[in-house]
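*Asks:* Dropping in protein.cif, with mmCIF, C-alpha atoms and all ligand atoms.
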data_final
#
loop_
_atom_site.label_atom_id
_atom_site.label_comp_id
_atom_site.auth_asym_id
_atom_site.auth_seq_id
_atom_site.Cartn_x
_atom_site.Cartn_y
_atom_site.Cartn_z
CA MET A 1 60.43 93.23 114.77
CA THR A 2 61.89 95.90 117.06
CA PRO A 3 65.31 96.78 115.68
CA LEU A 4 68.35 96.02 117.82
CA ARG A 5 69.82 99.18 119.35
CA ILE A 6 73.49 99.47 118.38
CA GLY A 7 76.05 102.08 119.38
CA ILE A 8 79.30 102.73 117.53
CA VAL A 9 82.52 103.46 119.41
CA GLY A 10 85.00 105.26 117.14
CA ALA A 11 83.27 107.49 114.61
CA GLY A 12 86.18 107.67 112.17
CA GLY A 13 86.52 106.19 108.70
CA MET A 14 85.31 102.67 109.47
CA GLY A 15 82.87 103.65 112.20
CA MET A 16 80.98 105.95 109.86
CA SER A 17 81.12 103.45 107.03
CA HIS A 18 79.48 100.93 109.39
CA ALA A 19 76.93 103.57 110.42
CA ALA A 20 75.96 103.92 106.75
CA ALA A 21 75.62 100.13 106.41
CA ILE A 22 73.54 99.94 109.59
CA SER A 23 71.14 102.55 108.23
CA GLU A 24 70.44 100.16 105.34
CA LEU A 25 69.69 97.22 107.64
CA GLY A 26 66.24 96.87 109.16
CA GLU A 27 67.61 94.67 111.95
CA PHE A 28 69.59 97.48 113.59
CA GLU A 29 68.84 100.98 114.72
CA LEU A 30 71.79 103.31 115.31
CA ALA A 31 71.28 104.38 118.93
CA GLY A 32 74.45 106.29 119.73
CA LEU A 33 77.84 107.44 118.45
CA CYS A 34 80.90 107.69 120.68
CA ASP A 35 84.26 109.24 119.91
CA VAL A 36 86.93 110.98 121.95
CA ASP A 37 86.80 113.83 119.40
CA ARG A 38 83.89 115.73 120.96
CA GLU A 39 83.41 118.36 118.27
CA MET A 40 83.42 115.82 115.47
CA VAL A 41 81.16 113.28 117.17
CA GLU A 42 78.59 115.88 118.20
CA ALA A 43 78.41 117.24 114.65
CA THR A 44 78.23 113.76 113.12
CA ALA A 45 75.72 112.36 115.60
CA GLY A 46 73.60 115.48 115.18
CA LYS A 47 73.32 114.81 111.44
CA SER A 48 72.20 111.23 112.17
CA GLY A 49 69.79 112.35 114.89
CA VAL A 50 71.41 110.12 117.54
CA PRO A 51 72.98 110.97 120.91
CA ALA A 52 76.73 111.69 120.96
CA PHE A 53 79.12 110.45 123.65
CA THR A 54 82.80 110.90 124.37
CA ASP A 55 82.90 108.05 126.90
CA TYR A 56 81.79 104.58 125.82
CA THR A 57 80.90 103.56 129.38
CA GLU A 58 78.33 106.37 129.41
CA MET A 59 76.90 105.27 126.09
CA VAL A 60 76.54 101.69 127.30
CA ARG A 61 74.95 102.88 130.54
CA ALA A 62 72.70 105.61 129.14
CA ASP A 63 71.35 104.04 126.04
CA ARG A 64 70.05 100.55 126.85
CA LEU A 65 72.10 99.20 124.01
CA ASP A 66 71.68 95.70 122.63
CA ALA A 67 75.02 95.85 120.83
CA VAL A 68 78.15 97.91 120.25
CA LEU A 69 80.38 98.08 117.23
CA VAL A 70 83.98 98.93 118.10
CA ALA A 71 85.90 100.85 115.43
CA THR A 72 88.57 102.68 117.42
CA PRO A 73 92.32 102.34 116.90
CA HIS A 74 93.54 98.88 117.92
CA TYR A 75 94.68 99.50 121.50
CA PHE A 76 91.18 100.59 122.56
CA HIS A 77 89.43 97.44 121.32
CA PRO A 78 90.02 95.34 124.48
CA PRO A 79 88.72 97.80 127.12
CA VAL A 80 85.62 98.67 125.10
CA VAL A 81 84.85 95.04 124.24
CA GLU A 82 85.38 93.84 127.80
CA HIS A 83 83.20 96.61 129.20
CA ALA A 84 80.38 95.81 126.78
CA LEU A 85 80.58 92.07 127.48
CA ALA A 86 80.57 92.67 131.23
CA ASN A 87 77.37 94.69 130.77
CA GLY A 88 75.59 92.04 128.73
CA VAL A 89 75.91 93.93 125.44
CA HIS A 90 76.61 92.04 122.19
CA VAL A 91 79.87 93.07 120.50
CA MET A 92 81.09 93.42 116.96
CA CYS A 93 84.78 94.40 117.02
CA GLU A 94 86.87 95.69 114.15
CA LYS A 95 89.99 93.74 113.30
CA PRO A 96 92.37 93.06 114.96
CA ILE A 97 90.55 92.30 118.20
CA ALA A 98 93.72 93.23 120.09
CA VAL A 99 97.32 94.26 119.61
CA HIS A 100 98.64 91.23 121.43
CA VAL A 101 97.58 87.72 122.39
CA ARG A 102 97.44 88.45 126.10
CA ASP A 103 94.67 91.02 125.61
CA ALA A 104 92.97 88.80 123.03
CA GLN A 105 92.86 85.91 125.50
CA ARG A 106 91.47 88.16 128.23
CA MET A 107 88.69 89.30 125.87
CA ILE A 108 87.85 85.70 125.02
CA ASP A 109 87.77 84.83 128.72
CA ALA A 110 85.48 87.82 129.34
CA HIS A 111 83.14 86.54 126.65
CA ALA A 112 82.94 83.00 128.02
CA GLY A 113 79.69 82.61 129.92
CA SER A 114 78.55 86.18 129.14
CA GLY A 115 75.52 84.96 127.21
CA VAL A 116 76.04 87.55 124.46
CA ARG A 117 77.53 87.39 120.96
CA PHE A 118 81.10 88.48 120.20
CA GLY A 119 81.94 88.78 116.51
CA VAL A 120 84.85 90.23 114.56
CA MET A 121 84.76 92.25 111.36
CA PHE A 122 86.52 89.65 109.22
CA GLN A 123 84.28 90.37 106.25
CA MET A 124 86.49 88.43 103.85
CA ARG A 125 85.17 85.23 105.46
CA THR A 126 81.88 86.04 103.70
CA ASN A 127 83.58 86.39 100.31
CA PRO A 128 82.16 83.46 98.28
CA LEU A 129 85.54 82.80 96.76
CA PHE A 130 87.20 82.21 100.13
CA ARG A 131 84.13 80.38 101.43
CA ALA A 132 84.44 77.99 98.48
CA VAL A 133 88.13 77.40 99.19
CA HIS A 134 87.40 76.91 102.89
CA GLU A 135 84.76 74.31 102.08
CA LEU A 136 86.98 72.57 99.55
CA VAL A 137 89.86 72.21 102.00
CA ALA A 138 87.55 71.27 104.88
CA SER A 139 85.98 68.54 102.71
CA GLY A 140 89.38 66.86 102.46
CA ALA A 141 89.42 67.20 98.66
CA LEU A 142 93.02 68.46 98.66
CA GLY A 143 94.25 65.64 100.88
CA GLU A 144 96.99 66.24 103.41
CA LEU A 145 98.32 69.79 103.45
CA GLN A 146 101.75 70.06 101.87
CA ARG A 147 102.39 73.77 101.33
CA THR A 148 100.71 77.16 101.67
CA ASN A 149 101.87 80.36 100.10
CA TRP A 150 100.31 83.81 100.31
CA ILE A 151 101.98 86.73 98.59
CA ILE A 152 99.99 89.81 99.50
CA THR A 153 102.11 92.73 98.40
CA ASN A 154 99.42 94.92 96.81
CA TRP A 155 98.89 96.89 100.02
CA TYR A 156 100.80 99.84 98.57
CA ARG A 157 100.53 102.98 100.74
CA PRO A 158 102.35 106.28 100.12
CA GLN A 159 103.95 108.19 102.99
CA ALA A 160 100.87 110.46 103.09
CA TYR A 161 98.82 107.50 104.38
CA TYR A 162 101.03 107.10 107.44
CA ASP A 163 101.14 110.86 107.98
CA MET A 164 97.34 111.34 108.05
CA GLY A 165 96.54 109.76 111.42
CA GLY A 166 98.63 110.08 114.58
CA TRP A 167 98.11 106.43 115.56
CA ARG A 168 99.23 104.91 112.25
CA GLY A 169 102.72 103.55 111.72
CA THR A 170 103.77 103.70 115.38
CA TRP A 171 104.31 101.06 118.07
CA LYS A 172 102.46 103.13 120.63
CA GLY A 173 99.52 104.09 118.43
CA GLU A 174 98.99 100.95 116.41
CA GLY A 175 101.19 98.20 117.80
CA GLY A 176 102.73 97.32 114.46
CA GLY A 177 102.64 97.97 110.74
CA VAL A 178 101.51 96.06 107.69
CA LEU A 179 100.94 92.84 109.65
CA ILE A 180 98.56 94.38 112.18
CA ASN A 181 96.86 96.96 109.99
CA GLN A 182 96.59 95.61 106.45
CA CYS A 183 97.06 91.83 106.83
CA PRO A 184 94.64 90.66 109.53
CA HIS A 185 92.15 89.46 106.91
CA GLN A 186 94.74 87.34 105.07
CA LEU A 187 96.26 85.98 108.29
CA ASP A 188 92.78 85.04 109.49
CA LEU A 189 91.81 83.41 106.18
CA MET A 190 95.07 81.50 106.03
CA GLN A 191 94.52 79.98 109.47
CA TRP A 192 90.76 79.54 108.87
CA ILE A 193 91.41 77.54 105.72
CA CYS A 194 94.75 75.83 106.43
CA GLY A 195 94.93 75.71 110.25
CA MET A 196 97.57 77.12 112.54
CA PRO A 197 101.29 76.45 112.16
CA VAL A 198 103.25 75.21 115.15
CA ARG A 199 106.34 77.34 114.52
CA LEU A 200 107.40 80.21 112.27
CA ARG A 201 110.41 82.25 111.32
CA ALA A 202 110.12 85.72 109.81
CA HIS A 203 112.21 88.48 108.32
CA CYS A 204 110.69 91.91 109.10
CA ARG A 205 112.05 95.23 107.90
CA LEU A 206 111.09 98.32 109.89
CA GLY A 207 110.45 101.42 107.81
CA ALA A 208 112.03 99.80 104.76
CA ARG A 209 110.11 101.99 102.30
CA HIS A 210 108.50 104.62 104.53
CA GLU A 211 109.39 107.00 107.35
CA ILE A 212 107.70 104.84 110.00
CA GLU A 213 108.74 103.02 113.17
CA VAL A 214 106.98 99.78 112.30
CA GLU A 215 107.37 97.00 109.74
CA ASP A 216 106.39 97.59 106.10
CA ASP A 217 108.03 94.51 104.56
CA VAL A 218 107.72 90.92 105.84
CA THR A 219 108.64 87.43 104.68
CA ALA A 220 107.64 84.59 106.99
CA VAL A 221 108.12 80.83 106.79
CA LEU A 222 105.53 78.72 108.63
CA GLU A 223 105.82 75.12 109.78
CA TYR A 224 102.73 72.98 110.37
CA ALA A 225 102.47 70.00 112.70
CA ASN A 226 102.51 67.50 109.82
CA GLY A 227 105.71 69.00 108.38
CA ALA A 228 103.93 71.10 105.74
CA THR A 229 105.41 74.55 105.20
CA GLY A 230 103.95 77.94 104.36
CA ILE A 231 105.20 81.29 103.16
CA PHE A 232 103.61 84.64 103.89
CA VAL A 233 104.99 87.71 102.14
CA THR A 234 103.65 91.23 102.50
CA SER A 235 104.61 94.84 101.89
CA THR A 236 103.09 98.32 101.70
CA GLY A 237 105.92 99.58 99.54
CA GLU A 238 105.63 97.67 96.26
CA ALA A 239 103.82 98.51 93.05
CA PRO A 240 101.79 96.98 91.57
CA GLY A 241 102.29 94.14 94.05
CA ALA A 242 100.51 90.82 93.93
CA ASN A 243 97.81 88.89 95.74
CA ARG A 244 98.20 85.17 95.23
CA PHE A 245 97.16 82.48 97.70
CA GLU A 246 98.19 78.94 96.91
CA ILE A 247 97.36 75.78 98.84
CA VAL A 248 99.00 72.52 97.85
CA GLY A 249 97.72 69.22 99.14
CA ASP A 250 98.53 65.61 98.36
CA LEU A 251 95.46 65.43 96.09
CA GLY A 252 95.47 68.82 94.42
CA THR A 253 96.22 72.52 94.38
CA VAL A 254 94.08 75.60 94.78
CA ILE A 255 95.22 79.03 93.66
CA VAL A 256 93.29 82.19 94.44
CA GLU A 257 94.41 85.12 92.31
CA ASN A 258 92.76 88.01 90.45
CA ASP A 259 89.39 87.24 92.07
CA GLU A 260 89.42 83.74 90.60
CA VAL A 261 89.88 80.27 92.04
CA ARG A 262 91.85 77.66 90.09
CA TYR A 263 91.52 74.12 91.39
CA CYS A 264 93.65 71.30 89.95
CA ARG A 265 92.86 67.77 91.13
CA THR A 266 95.41 65.00 90.87
CA ALA A 267 94.30 61.59 89.59
CA MET A 268 95.89 59.95 92.62
CA SER A 269 97.80 60.76 95.79
CA VAL A 270 101.06 62.46 94.83
CA ARG A 271 102.80 60.68 97.70
CA GLN A 272 101.59 57.35 96.33
CA HIS A 273 102.61 58.29 92.78
CA ILE A 274 106.12 59.19 93.93
CA ALA A 275 106.38 55.79 95.61
CA THR A 276 104.88 53.65 92.83
CA ALA A 277 105.50 55.27 89.41
CA ASP A 278 107.87 53.05 87.43
CA LYS A 279 109.04 55.59 84.82
CA SER A 280 111.72 58.05 85.97
CA PHE A 281 110.01 61.13 84.47
CA ALA A 282 106.41 60.01 84.97
CA LYS A 283 103.95 62.81 85.72
CA VAL A 284 100.86 62.82 87.89
CA ASP A 285 97.68 63.18 85.84
CA VAL A 286 95.89 66.39 86.77
CA GLU A 287 92.49 67.76 85.80
CA GLU A 288 91.25 71.29 86.27
CA VAL A 289 87.95 71.33 88.14
CA ASP A 290 85.50 74.20 87.96
CA VAL A 291 84.71 75.80 91.33
CA PRO A 292 81.37 77.60 91.06
CA ILE A 293 81.51 80.92 92.89
CA PRO A 294 78.20 82.64 93.68
CA ALA A 295 78.07 86.40 93.15
CA GLY A 296 78.10 88.97 95.95
CA GLY A 297 79.31 88.72 99.52
CA GLY A 298 82.53 89.79 101.15
CA ALA A 299 81.29 93.18 102.35
CA HIS A 300 81.04 94.54 105.90
CA ILE A 301 77.26 94.47 105.63
CA ASP A 302 77.34 90.65 105.34
CA ILE A 303 79.06 90.42 108.72
CA LEU A 304 76.56 92.85 110.25
CA THR A 305 73.62 90.93 108.79
CA ASN A 306 74.96 87.69 110.26
CA PHE A 307 75.65 89.44 113.59
CA ALA A 308 72.04 90.63 113.84
CA ALA A 309 70.71 87.20 112.88
CA ALA A 310 72.98 85.48 115.43
CA ILE A 311 71.81 87.82 118.21
CA LEU A 312 68.22 86.89 117.41
CA ASP A 313 68.88 83.18 116.93
CA PRO A 314 71.15 81.57 119.53
CA GLU A 315 71.50 78.49 117.30
CA LEU A 316 73.07 80.45 114.45
CA ALA A 317 76.87 80.58 114.21
CA VAL A 318 78.69 83.90 114.07
CA VAL A 319 80.73 83.96 110.85
CA ALA A 320 83.87 85.21 112.58
CA PRO A 321 83.60 84.59 116.34
CA GLY A 322 85.86 86.51 118.73
CA CYS A 323 87.39 83.31 120.08
CA GLU A 324 88.87 82.51 116.65
CA ALA A 325 90.35 85.98 116.14
CA ILE A 326 93.20 85.24 118.56
CA ASN A 327 94.80 83.11 115.84
CA GLN A 328 95.32 86.11 113.57
CA VAL A 329 96.77 88.08 116.51
CA THR A 330 99.05 85.14 117.31
CA LEU A 331 100.38 84.96 113.75
CA GLN A 332 100.99 88.72 113.62
CA ASN A 333 102.68 88.81 117.05
CA ALA A 334 104.81 85.78 116.27
CA MET A 335 105.97 87.07 112.86
CA LEU A 336 106.99 90.39 114.35
CA MET A 337 108.74 88.82 117.33
CA SER A 338 110.55 86.30 115.17
CA GLY A 339 111.56 88.92 112.61
CA LEU A 340 112.95 91.40 115.12
CA GLN A 341 114.49 88.86 117.48
CA LYS A 342 115.84 86.93 114.49
CA ARG A 343 114.82 83.51 115.81
CA PRO A 344 112.09 80.93 115.23
CA VAL A 345 109.01 81.33 117.43
CA GLU A 346 106.96 78.42 118.74
CA LEU A 347 103.15 78.63 118.84
CA PRO A 348 101.03 79.19 120.81
CA LEU A 349 102.86 82.34 121.78
CA ASP A 350 103.79 83.35 125.31
CA GLY A 351 101.59 86.45 125.82
CA ASP A 352 103.68 87.92 128.66
CA ALA A 353 106.89 87.60 126.65
CA TYR A 354 105.23 89.36 123.71
CA VAL A 355 103.98 92.25 125.87
CA ALA A 356 107.53 92.74 127.26
CA PHE A 357 108.88 92.71 123.70
CA LEU A 358 106.29 95.26 122.52
CA ASP A 359 106.89 97.47 125.57
CA ASP A 360 110.58 97.58 124.63
CA LEU A 361 109.70 98.66 121.09
CA ILE A 362 107.42 101.41 122.41
CA ALA A 363 110.08 102.57 124.88
CA SER A 364 112.87 102.61 122.32
CA ALA A 365 110.71 104.58 119.86
CA ALA A 366 110.06 107.19 122.55
CA GLN A 367 113.81 107.87 123.09
N1 LIG B 401 87.45 95.60 108.35
C1 LIG B 401 88.14 96.37 107.53
O1 LIG B 401 88.25 96.08 106.35
C2 LIG B 401 88.81 97.61 108.05
C3 LIG B 401 89.25 98.60 107.18
C4 LIG B 401 89.86 99.76 107.72
C5 LIG B 401 90.05 99.87 109.09
N2 LIG B 401 89.63 98.86 109.91
C6 LIG B 401 89.83 98.92 111.37
O2 LIG B 401 88.89 99.84 111.91
C7 LIG B 401 89.44 100.44 113.09
C8 LIG B 401 89.36 101.95 112.95
O3 LIG B 401 90.07 102.34 111.80
P1 LIG B 401 89.73 103.72 111.06
O4 LIG B 401 90.44 103.65 109.76
O5 LIG B 401 88.28 103.97 111.07
O6 LIG B 401 90.48 104.76 112.02
P2 LIG B 401 90.12 106.32 112.20
O7 LIG B 401 91.35 106.92 112.77
O8 LIG B 401 89.55 106.86 110.94
O9 LIG B 401 88.95 106.32 113.29
C9 LIG B 401 89.15 105.93 114.63
C10 LIG B 401 88.27 106.82 115.49
O10 LIG B 401 88.31 106.33 116.83
C11 LIG B 401 88.32 107.46 117.70
N3 LIG B 401 88.82 107.03 119.01
C12 LIG B 401 90.11 106.84 119.42
N4 LIG B 401 90.13 106.42 120.68
C13 LIG B 401 88.84 106.31 121.09
C14 LIG B 401 88.22 105.90 122.31
N5 LIG B 401 88.95 105.49 123.36
N6 LIG B 401 86.87 105.95 122.40
C15 LIG B 401 86.14 106.36 121.34
N7 LIG B 401 86.67 106.76 120.16
C16 LIG B 401 88.01 106.71 120.03
C17 LIG B 401 89.18 108.48 116.99
O11 LIG B 401 88.97 109.80 117.46
C18 LIG B 401 88.73 108.27 115.53
O12 LIG B 401 87.65 109.16 115.21
C19 LIG B 401 90.86 99.89 113.22
O13 LIG B 401 90.85 98.78 114.08
C20 LIG B 401 91.19 99.43 111.81
O14 LIG B 401 92.16 98.40 111.76
C21 LIG B 401 89.01 97.76 109.42
#
Show this structure as structure tokens.
Ligand SMILES: NC(=O)c1ccc[n+]([C@@H]2O[C@H](COP(=O)([O-])OP(=O)(O)OC[C@H]3O[C@@H](n4cnc5c(N)ncnc54)[C@H](O)[C@@H]3O)[C@@H](O)[C@H]2O)c1
*Replies:*
Amino acid sequence: MTPLRIGIVGAGGMGMSHAAAISELGEFELAGLCDVDREMVEATAGKSGVPAFTDYTEMVRADRLDAVLVATPHYFHPPVVEHALANGVHVMCEKPIAVHVRDAQRMIDAHAGSGVRFGVMFQMRTNPLFRAVHELVASGALGELQRTNWIITNWYRPQAYYDMGGWRGTWKGEGGGVLINQCPHQLDLMQWICGMPVRLRAHCRLGARHEIEVEDDVTAVLEYANGATGIFVTSTGEAPGANRFEIVGDLGTVIVENDEVRYCRTAMSVRQHIATADKSFAKVDVEEVDVPIPAGGGAHIDILTNFAAAILDPELAVVAPGCEAINQVTLQNAMLMSGLQKRPVELPLDGDAYVAFLDDLIASAAQ
């Protein structure tokens, strides 16, 4: 098989990590590296023996690419993705696909009818643990959703992290803080497994623990269409922090913590038990059920392997398609807007209203 020619836009930390993964995959051949840092990209590309570019449009034009992988800071994802799609080039985009839902929707519209694949680097969707939970919930085993709860506070970052890259920790450079940088995987998994809420209310603290413009501490309360509620808590300023995801349904509970899944199945519907039990302190019988978790998975290379396979086989689904990535952007935008405007936000979000809100944040930070 002739390998697929892929170019990387953004030859920083993630871009070069993906370049290393690509070199291990027979399906792809690294055909170009693009970065606005000319000196760095020429030196790096030279070592890999591939052409260097400082303009992605030139790389797409010059190199007869089959695919591009976009690993720039967030604000540059939409123009690069849209350009590639318009030129019939398959796209793998780093998370988040965009800073706001308006751009995300435009990218999805650009993809519709393009005839190429558009995937997102949500590698945690390939983690067997989360795949197992996704399948369990999708099978209906937990019954009607009652409550979700994700505490993801082990994203600790010292000030030096925010100081190392000009784009980090600023509205203009990154478009947000912990929600947009660290949490896209959890926000995506939460919606992938539990569905989207219809409304949320958040409390966001800007620079609570760091010298940054953006949020580093968030508590959000989600409401689902059936009345179920969810909590999402995150921070980059706690130690050791926690990572616990809990899903409660009418027929059982799943808890993901410490790389383990705990699944407790109720002997009957809890709703029914509440209505029919005749003893005032009766309990619902519960049994713990083993959830077999295969080894491996969850790495970037799994997403790239699927991406290559999906390019070659139009029948194969992309693990994390671009059209689904708008949900993570929606949750992040809505939490931030709700937290800073101190009001509940209805979903789906008004993209124009969010852009105006973000523009105000950028303008006020510049004063
Ligand atoms: N999937 C994951 O687990 C994961 C982990 C870390 C980062 N990321 C994501 O990867 C992306 C890149 O993050 P990073 O940590 O590698 O950042 P980085 O700062 O290390 O690298 C970004 C690179 O993009 C270059 N760049 C900026 N604008 C450009 C443009 N218009 N055209 C070409 N190059 C441009 C910069 O010069 C830099 O070299 C971000 O979206 C980030 O959220 C994903």
*Asks:* Residues within 7 Å of ligand LIG 401 (chain B), counting only C-alpha atoms and all ligand atoms: report them as a ChimeraX atom specification.
*Replies:* /A:9-15,34-37,54-56,71-74,76,94-96,121-123,165,181,300
*Asks:* Got a sec: who's within 8 Å of Ile311 in chain A, counting only C-alpha atoms, leaving out chain neighbours fewer than 6 positions off, as a PyMOL selection string?
*Replies:* chain A and resi 90+116-117
*Asks:* Within 8 Å of range 129-147 of chain A, which residues of range 163-239 of chain A come that close, and what is the closest atom pair and distance in Å for each? Count all atoms listed in the file and give it as a Markdown table.
*Replies:*
| residue | atom | partner | partner_atom | distance |
| --- | --- | --- | --- | --- |
| A:Leu189 | CA | A:Phe130 | CA | 7.7 |
| A:Trp192 | CA | A:His134 | CA | 7.3 |
| A:Ile193 | CA | A:His134 | CA | 4.9 |
| A:Cys194 | CA | A:Val137 | CA | 7.5 |
| A:Asn226 | CA | A:Leu145 | CA | 8.0 |
| A:Gly227 | CA | A:Gln146 | CA | 7.7 |
| A:Ala228 | CA | A:Gln146 | CA | 4.6 |
| A:Thr229 | CA | A:Arg147 | CA | 5.0 |
| A:Gly230 | CA | A:Arg147 | CA | 5.4 |
*Asks:* Go ahead and save the picked residues with C-alpha atoms, as a PDB file, keeping the file's coordinate frame.
*Replies:*
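Produced file selection_9.pdb, reproduced below:
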ATOM      1  CA  LEU A 189      91.810  83.410 106.180  1.00  0.00           C
ATOM      2  CA  TRP A 192      90.760  79.540 108.870  1.00  0.00           C
ATOM      3  CA  ILE A 193      91.410  77.540 105.720  1.00  0.00           C
ATOM      4  CA  CYS A 194      94.750  75.830 106.430  1.00  0.00           C
ATOM      5  CA  ASN A 226     102.510  67.500 109.820  1.00  0.00           C
ATOM      6  CA  GLY A 227     105.710  69.000 108.380  1.00  0.00           C
ATOM      7  CA  ALA A 228     103.930  71.100 105.740  1.00  0.00           C
ATOM      8  CA  THR A 229     105.410  74.550 105.200  1.00  0.00           C
ATOM      9  CA  GLY A 230     103.950  77.940 104.360  1.00  0.00           C
TER      10      GLY A 230
END
*Asks:* Restricting the calculation to only C-alpha atoms: of A:Asn243, A:Leu30, A:Val270, A:Phe307, which residue gets closest to Asn258 in chain A?
*Replies:* A:Asn243
*Asks:* Show which residues sit within 12 Å of Val286 in chain A, as a PyMOL selection string. Count all atoms listed in the file, and ignore same-chain residues fewer than 4 positions away.
*Replies:* chain A and resi 250-253+263-270
*Asks:* Could you tell me how far CA of Gln159 in chain A sits from CA of Gly241 in chain A, in Å to one decimal place?
*Replies:* 16.7 Å
*Asks:* As a list of chain:residue names, please: the residues near Val81 in chain A (cut-off 7 Å, only C-alpha atoms, same-chain neighbours under 4 positions excluded).
*Replies:*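 Contacts, in chain order: A:His77, A:Leu85, A:Val91.
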*Asks:* Would you give the centre and edge lengths, in Å to one decimal, of a box along x, y and z around the listed atoms of range 290-309 of chain A, with 8 Å added to each side, as lines of an AutoDock Vina configuration file?
*Replies:*
center_x = 78.1
center_y = 84.4
center_z = 100.9
size_x = 30.8
size_y = 36.3
size_z = 41.9
*Asks:* Expressed in Å to a single decimal, how great is the separation between CA of Val254 in chain A and CA of Ala282 in chain A?
*Replies:*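 Atom-to-atom, CA of Val254 in chain A to CA of Ala282 in chain A, that is 22.2 Å.
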*Asks:* I'd like the neighbourhood of Arg168 in chain A as a list of chain:residue names, where a residue qualifies if any of its atoms comes within 9 Å (using all atoms listed in the file), though same-chain residues fewer than 5 positions away should be ignored.
*Replies:* A:Pro73, A:Tyr161, A:Tyr162, A:Asp163, A:Gly173, A:Glu174, A:Gly175, A:Gly176, A:Gly177, A:Asn181, A:Ile212
*Asks:* I need the residue nearest Ala112 in chain A from this list: A:Leu358, A:Val221, A:Ile97, A:Ala86. Use only C-alpha atoms for the distance.
*Replies:*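 Smallest distance to Ala112 in chain A is found for A:Ala86.
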*Asks:* So the first atom is CA of Leu336 in chain A and the second is CA of Cys204 in chain A; what is the distance between them in Å, to one decimal place?
*Replies:*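 We find that CA of Leu336 in chain A and CA of Cys204 in chain A lie 6.6 Å from each other.
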*Asks:* Measuring atom to atom with all atoms listed in the file, identify which of A:Leu200, A:Leu316, A:Ala21, A:Leu69 is nearest to Ala299 in chain A.
*Replies:* A:Ala21
*Asks:* Could you tell me which of A:Pro78, A:Pro3, A:Pro128, A:Gly207 comes closest to Ala110 in chain A if we count only C-alpha atoms?
*Replies:*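 Under the stated criterion, the closest residue is A:Pro78.
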*Asks:* So, with only C-alpha atoms as the atoms that count, which of A:Tyr224, A:Phe118, A:Phe232, A:Trp155 lies closest to Gln332 in chain A?
*Replies:*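 Comparing A:Tyr224, A:Phe118, A:Phe232, A:Trp155 against Gln332 in chain A, the winner is A:Phe232.
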*Asks:* Can range 10-23 of chain A be brought up to N, CA and C atoms and written out as an mmCIF file, keeping the file's coordinate frame?
*Replies:*
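The file below, part13.cif, is the result:
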data_model
loop_
_atom_site.group_PDB
_atom_site.id
_atom_site.type_symbol
_atom_site.label_atom_id
_atom_site.label_comp_id
_atom_site.auth_asym_id
_atom_site.auth_seq_id
_atom_site.Cartn_x
_atom_site.Cartn_y
_atom_site.Cartn_z
ATOM 1 N N GLY A 10 83.992 104.925 118.152
ATOM 2 C CA GLY A 10 85.000 105.260 117.140
ATOM 3 C C GLY A 10 84.282 105.676 115.872
ATOM 4 N N ALA A 11 84.054 106.999 115.762
ATOM 5 C CA ALA A 11 83.270 107.490 114.610
ATOM 6 C C ALA A 11 84.186 108.039 113.526
ATOM 7 N N GLY A 12 85.249 107.274 113.234
ATOM 8 C CA GLY A 12 86.180 107.670 112.170
ATOM 9 C C GLY A 12 85.771 107.037 110.848
ATOM 10 N N GLY A 13 86.776 106.729 110.036
ATOM 11 C CA GLY A 13 86.520 106.190 108.700
ATOM 12 C C GLY A 13 85.639 104.945 108.725
ATOM 13 N N MET A 14 86.076 103.917 109.466
ATOM 14 C CA MET A 14 85.310 102.670 109.470
ATOM 15 C C MET A 14 84.010 102.800 110.245
ATOM 16 N N GLY A 15 84.076 103.495 111.383
ATOM 17 C CA GLY A 15 82.870 103.650 112.200
ATOM 18 C C GLY A 15 81.739 104.258 111.389
ATOM 19 N N MET A 16 82.047 105.297 110.612
ATOM 20 C CA MET A 16 80.980 105.950 109.860
ATOM 21 C C MET A 16 80.556 105.123 108.642
ATOM 22 N N SER A 17 81.499 104.357 108.119
ATOM 23 C CA SER A 17 81.120 103.450 107.030
ATOM 24 C C SER A 17 80.144 102.391 107.562
ATOM 25 N N HIS A 18 80.405 101.903 108.783
ATOM 26 C CA HIS A 18 79.480 100.930 109.390
ATOM 27 C C HIS A 18 78.133 101.594 109.722
ATOM 28 N N ALA A 19 78.189 102.869 110.114
ATOM 29 C CA ALA A 19 76.930 103.570 110.420
ATOM 30 C C ALA A 19 76.065 103.628 109.157
ATOM 31 N N ALA A 20 76.709 103.863 108.019
ATOM 32 C CA ALA A 20 75.960 103.920 106.750
ATOM 33 C C ALA A 20 75.349 102.550 106.439
ATOM 34 N N ALA A 21 76.132 101.491 106.674
ATOM 35 C CA ALA A 21 75.620 100.130 106.410
ATOM 36 C C ALA A 21 74.444 99.812 107.333
ATOM 37 N N ILE A 22 74.591 100.217 108.602
ATOM 38 C CA ILE A 22 73.540 99.940 109.590
ATOM 39 C C ILE A 22 72.230 100.615 109.189
ATOM 40 N N SER A 23 72.359 101.824 108.608
ATOM 41 C CA SER A 23 71.140 102.550 108.230
ATOM 42 C C SER A 23 70.388 101.814 107.110
#
